[in-house]
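Here the structure is laid out as structure tokens; the discussion comes afterwards.
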Protein chains: 2
Amino acid sequence: MQQTENDPVQAIATRLKIEREGRGWSLAELAERSGVSKAMISKIERSEASPTATVLGRLSGAFGLPLSVLLALAERAPERVALQAEQPVWTDPETGYTRRAVSPANSRLELLDVSLPSGVRVPYPASAFAFQHQQIWVLSGRLDFQEGGVMHHLAEGDCLLLGPPADCSFFNPGEVPARYVVALTRR
Amino acid sequence: MQQTENDPVQAIATRLKIEREGRGWSLAELAERSGVSKAMISKIERSEASPTATVLGRLSGAFGLPLSVLLALAERAPERVALQAEQPVWTDPETGYTRRAVSPANSRLELLDVSLPSGVRVPYPASAFAFQHQQIWVLSGRLDFQEGGVMHHLAEGDCLLLGPPADCSFFNPGEVPARYVVALTRR
DNA sequence: GCTGATCGTCTTTTATAGTGGACAAAATAA
DNA sequence: TTATTTTGTCCACTATAAAAGACGATCAGC
């Protein structure tokens, strides 16, 4: 009977567009990757449709995000300050890799606080960051970053500006977890 | 194109039933509270329908949970161990109250790790825990727990067994945050 | 200018989500 | 027992989510 105005359609709309455009994907490309028709994606992004759980699952899958994290990002109020306790965190249970979305919602500049356990390698396909400008800044520990054919050895305090899109991977060669910041913005 | 089997319909089904039955609500009662027809709720619980974002928003609203938390609870693999990093946390941005779901998914016994800031009061309506058996155990700090007309003053180490459903409220009279465990099981 | 490719939206059609009411089974009461 | 209330499921119908393809706009290269 109560209607506390928590229809998530609008929030999903804007977040979906951010995730898609952030990766430089067209409607057709996301449709290809997710199996959802581009007409439907277009409607969802314009909040002209309320996607089913099934469709949301396919979309979050295409982004490589758990559905709950996608919605957590969508639900965040567009505020100036993002308290640590409110920041969505995603942990890969297999490796212990964790990623925290630091920036408030809908910012032009996004900051990710990442912790990479010792000895773990994380791939980062070129398609994931086309049309983005980004830097990697190591807060603590060591990080080997492979960018296409080039290998960068980063230590505490180092900051790397990423070049044109290439298949990359993160690797922690040290004994302790590596903590680094990924800062990115759309062109 | 990929289909990584992340259709959340089944997970939502079982979680929805847990949340509803945990509160002792019938289909009709949840329908009344959420504005979703009981026929539809029945279908969702039997995973015979894929609810839209709008419907999910209404349901999570009836439970007083953010949609992302409901989904996070649903997404948790039914494992024996729940690593701290995987436990869904919910923070009330107004008061700083945080609640962490400690137990693995779908357990008969649920443990919540709650942190209540100094001076904050949290209401707890009787309807929220009908048909549940529960105890409150203070880990640190002090907690005033009002149960109907009775007031309990709890200090570190104290444990209170809740009586029949009544309107309750938590209050932290101390200077430091109160940390306590809520343990509950369905009858 | 033209051409072809790619973009997002719009149109049509189908599948199904969602509602309201009827129903049988189970529980509760008298 | 019988009557009454409450439970969850099923049915018929409507609303709309979703797919497939057409369409005009934009932009590149020639």
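Labels for the structure tokens follow display order: chains A, B, ..., residues from 1 in each chain, ligands from 1.
The residue set within 10 Å of B:Ala11, counting only C-alpha atoms (C1' of nucleotides) and dropping same-chain residues fewer than 5 places from it, reads B:Asn6, B:Leu16, B:Glu45, B:Ser47, B:Leu71, B:Ala72, B:Leu73, B:Ala74, B:Glu75, B:Arg76, B:Ala77, B:Pro78.
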Dump as a tab-separated table (two decimals) with C-alpha atoms, in the first residue's frame the residues of chain B that approach chain D to within 9 Å, counting only C-alpha atoms (C1' of nucleotides).
chain	number	residue	atom	x	y	z
B	26	SER	CA	1.27	-14.31	4.04
B	27	LEU	CA	1.17	-13.67	0.33
B	39	ALA	CA	-0.61	-14.06	-7.75
B	42	SER	CA	3.46	-16.53	-5.83
B	52	THR	CA	10.57	-6.27	-13.55
Distance filter 10 Å, only C-alpha atoms (C1' of nucleotides), chain C against chain B, as a PDB file with N, CA and C atoms (P, O5', C5', C4', C3', O3' and C1' of nucleotides), in the first residue's frame:
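To be explicit, this is the file written out as part19.pdb:
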ATOM      1  P    DT C  16       7.808 -16.648 -23.450  1.00  0.00           P
ATOM      2  O5'  DT C  16       7.431 -15.677 -22.262  1.00  0.00           O
ATOM      3  C5'  DT C  16       8.102 -14.430 -22.155  1.00  0.00           C
ATOM      4  C4'  DT C  16       7.342 -13.489 -21.238  1.00  0.00           C
ATOM      5  C3'  DT C  16       6.699 -14.158 -20.007  1.00  0.00           C
ATOM      6  O3'  DT C  16       6.812 -13.269 -18.917  1.00  0.00           O
ATOM      7  C1'  DT C  16       5.135 -12.899 -21.066  1.00  0.00           C
ATOM      8  P    DA C  17       7.661 -13.640 -17.593  1.00  0.00           P
ATOM      9  O5'  DA C  17       7.545 -12.285 -16.762  1.00  0.00           O
ATOM     10  C5'  DA C  17       7.994 -11.076 -17.370  1.00  0.00           C
ATOM     11  C4'  DA C  17       7.069  -9.915 -16.994  1.00  0.00           C
ATOM     12  C3'  DA C  17       6.653  -9.853 -15.532  1.00  0.00           C
ATOM     13  O3'  DA C  17       6.632  -8.487 -15.124  1.00  0.00           O
ATOM     14  C1'  DA C  17       4.718  -9.988 -16.868  1.00  0.00           C
ATOM     15  P    DG C  18       6.437  -8.126 -13.569  1.00  0.00           P
ATOM     16  O5'  DG C  18       4.873  -7.969 -13.418  1.00  0.00           O
ATOM     17  C5'  DG C  18       4.263  -6.753 -13.833  1.00  0.00           C
ATOM     18  C4'  DG C  18       2.762  -6.893 -13.697  1.00  0.00           C
ATOM     19  C3'  DG C  18       2.253  -7.281 -12.302  1.00  0.00           C
ATOM     20  O3'  DG C  18       1.623  -6.161 -11.707  1.00  0.00           O
ATOM     21  C1'  DG C  18       1.107  -8.441 -14.048  1.00  0.00           C
ATOM     22  P    DT C  19       0.862  -6.366 -10.299  1.00  0.00           P
ATOM     23  O5'  DT C  19      -0.653  -6.565 -10.745  1.00  0.00           O
ATOM     24  C5'  DT C  19      -1.247  -5.646 -11.655  1.00  0.00           C
ATOM     25  C4'  DT C  19      -2.697  -6.017 -11.923  1.00  0.00           C
ATOM     26  C3'  DT C  19      -3.519  -6.280 -10.664  1.00  0.00           C
ATOM     27  O3'  DT C  19      -4.647  -5.414 -10.662  1.00  0.00           O
ATOM     28  C1'  DT C  19      -3.791  -8.057 -12.243  1.00  0.00           C
ATOM     29  P    DG C  20      -5.476  -5.251  -9.304  1.00  0.00           P
ATOM     30  O5'  DG C  20      -6.710  -6.248  -9.525  1.00  0.00           O
ATOM     31  C5'  DG C  20      -7.504  -6.110 -10.692  1.00  0.00           C
ATOM     32  C4'  DG C  20      -8.545  -7.201 -10.729  1.00  0.00           C
ATOM     33  C3'  DG C  20      -9.245  -7.484  -9.393  1.00  0.00           C
ATOM     34  O3'  DG C  20     -10.643  -7.576  -9.614  1.00  0.00           O
ATOM     35  C1'  DG C  20      -8.279  -9.475 -10.244  1.00  0.00           C
TER      36       DG C  20
END
Using only C-alpha atoms, select each residue of chain A with any atom at most 7 Å away from an atom of chain B, and give the selection as an MDAnalysis selection string. chainID A and resid 1:2 4 6:9 32:35 50:54 57:58 61 68:69 71:72 85:86 91
Name the residues of stretch 5-185 of chain B that fall into alpha helix (DSSP H) according to DSSP on the backbone, using the chain letters and numbers of this document, as a PyMOL selection string. chain B and resi 9-22+27-34+38-45+53-63+67-75
Which residues in stretch 15-180 of chain B does DSSP call strand (DSSP E or B)? List them as a ChimeraX atom specification. /B:52,89-91,98-101,109-116,121-124,132-140,143-147,150-154,159-161,168-171,178-180
Contacts of A:Ser169 at 10 Å (only C-alpha atoms (C1' of nucleotides); same-chain gap of 2+ positions) as a VMD selection string: chain A and resid 121 to 126 144 to 148 151 166 to 167 171
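Straight-line separation from atom CA of A:Leu154 to atom CA of A:Arg100: 20.6 Å.
Straight-line separation from atom CA of A:Ser115 to atom CA of A:Asp158: 15.6 Å.
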